[in-house]
Amino acid sequence: MLQTKGDSSELGRKGLTLTDILVTIVLAVVFGIIYKIWGPTYDLVKPFGLHAEQMIYGMWFMAGTFAFLVIRKPGVALLAEIAASTVSAFLGSEWGISTLIYGAVQGLGAELIFALFLYRKVNVWITSLAAIGSAAGSLILDFGYGYIDSLQTWSYALLIGLRLAGSIVLAGMVAYSLYKALELTGVTKSLRKATKEDMEALH
């Protein structure tokens, strides 16, 4: 059984249980399907120009942040993003094998942020920072693949700014709001005991 927040010193140390892994995979499958659907949506926004599509890029980071909010253990954000990208690739993602690489790096970006807080503290700000971590990982890969290295300075700055902003909104604020809504249903009680800090966060 997962520890309560009152036992937060143990929360980040305990390894993933089979239940944790299965729940993470189930969440990842759901997000993997969403990722696949999101691809055409992303392409539809591109014609608006000025990197408008970057405002919805953060959807591809939600598996990691949301799964961690539910499970709150080391490795969950990384596992969720890798699994979600695998599902997306299996369903025929237009980006092929690079989808898996992006998933791993984006998950690692979120994982590092949660690790900075020792996996013990959860709020919308930390979740948003984790979203920024995922966005940073995606930008590094974009540059490495040569997708954005030829942009002019102003265009590059705009792309980065919009991607970060969109990531904060979708993988940060929206993911956290969904988590709070799920907490209110009581579904997560079987996975993790509700704590005083959890209850205060819902108000």
# chains A, B, ... in the order shown; residues from 1 in each chain; ligands from 1

call {"tool": "residues_around", "arguments": {"residues": "segment 151-159 of chain A", "least_positions_apart": "4", "cutoff": "9 Å", "atoms": "only C-alpha atoms", "output": "JSON, numbers by chain"}}
result
{"A": [50, 51, 52, 54, 147, 163, 164]}

call {"tool": "residues_around", "arguments": {"residues": "Ala104 of chain A", "least_positions_apart": "6", "cutoff": "9 Å", "atoms": "only C-alpha atoms", "output": "compact mmCIF listing (two decimals) with all heavy atoms, in the first residue's frame"}}
result
# COMPACT_ATOMS: atom_id res chain seq x y z
N LEU A 78 8.35 8.88 -16.44
CA LEU A 78 9.13 8.33 -17.55
C LEU A 78 8.43 7.12 -18.17
O LEU A 78 8.30 7.02 -19.39
CB LEU A 78 10.51 7.94 -17.05
CG LEU A 78 11.46 7.30 -18.07
CD1 LEU A 78 11.69 8.23 -19.25
CD2 LEU A 78 12.78 6.93 -17.40
N LEU A 79 7.98 6.21 -17.32
CA LEU A 79 7.29 5.01 -17.81
C LEU A 79 6.03 5.38 -18.59
O LEU A 79 5.77 4.81 -19.66
CB LEU A 79 6.94 4.11 -16.63
CG LEU A 79 6.07 2.87 -16.95
CD1 LEU A 79 6.78 1.96 -17.93
CD2 LEU A 79 5.72 2.12 -15.67
N GLU A 81 5.24 8.16 -20.21
CA GLU A 81 5.52 8.80 -21.49
C GLU A 81 6.04 7.79 -22.52
O GLU A 81 5.67 7.82 -23.69
CB GLU A 81 6.51 9.94 -21.32
CG GLU A 81 5.89 11.27 -20.97
CD GLU A 81 4.99 11.79 -22.08
OE1 GLU A 81 5.40 11.80 -23.26
OE2 GLU A 81 3.86 12.20 -21.77
N ILE A 82 6.91 6.89 -22.07
CA ILE A 82 7.44 5.87 -22.98
C ILE A 82 6.31 4.96 -23.46
O ILE A 82 6.19 4.65 -24.65
CB ILE A 82 8.55 5.05 -22.30
CG1 ILE A 82 9.79 5.91 -22.08
CG2 ILE A 82 8.90 3.82 -23.14
CD1 ILE A 82 10.90 5.20 -21.32
N ALA A 83 5.47 4.53 -22.51
CA ALA A 83 4.36 3.64 -22.87
C ALA A 83 3.36 4.32 -23.78
O ALA A 83 2.88 3.73 -24.76
CB ALA A 83 3.68 3.15 -21.60
N SER A 85 3.88 6.86 -25.84
CA SER A 85 4.47 7.06 -27.17
C SER A 85 4.55 5.73 -27.93
O SER A 85 4.41 5.70 -29.15
CB SER A 85 5.86 7.69 -27.05
OG SER A 85 6.75 6.83 -26.37

call {"tool": "select_by_dssp", "arguments": {"residues": "segment 116-155 of chain A", "states": "helix (DSSP H, G or I)", "output": "MDAnalysis selection string"}}
result
chainID A and resid 116 124:145 153:155

call {"tool": "residues_around", "arguments": {"residues": "segment 70-77 of chain A", "least_positions_apart": "4", "cutoff": "9 Å", "atoms": "only C-alpha atoms", "output": "number ranges by chain"}}
result
A: 2, 11-16, 20-21, 23-24, 63-66, 81-82, 107-111, 114-115, 118-120, 122, 179, 182-183, 188, 191-192

call {"tool": "closest_residue", "arguments": {"among": "A:Thr127, A:Ser167, A:Thr19, A:Ser88", "to": "Leu112 of chain A", "atoms": "only C-alpha atoms"}}
result
A:Thr127

call {"tool": "atom_distance", "arguments": {"atom1": "atom CA of Val87 of chain A", "atom2": "atom CA of Gly32 of chain A"}}
result
5.0 Å
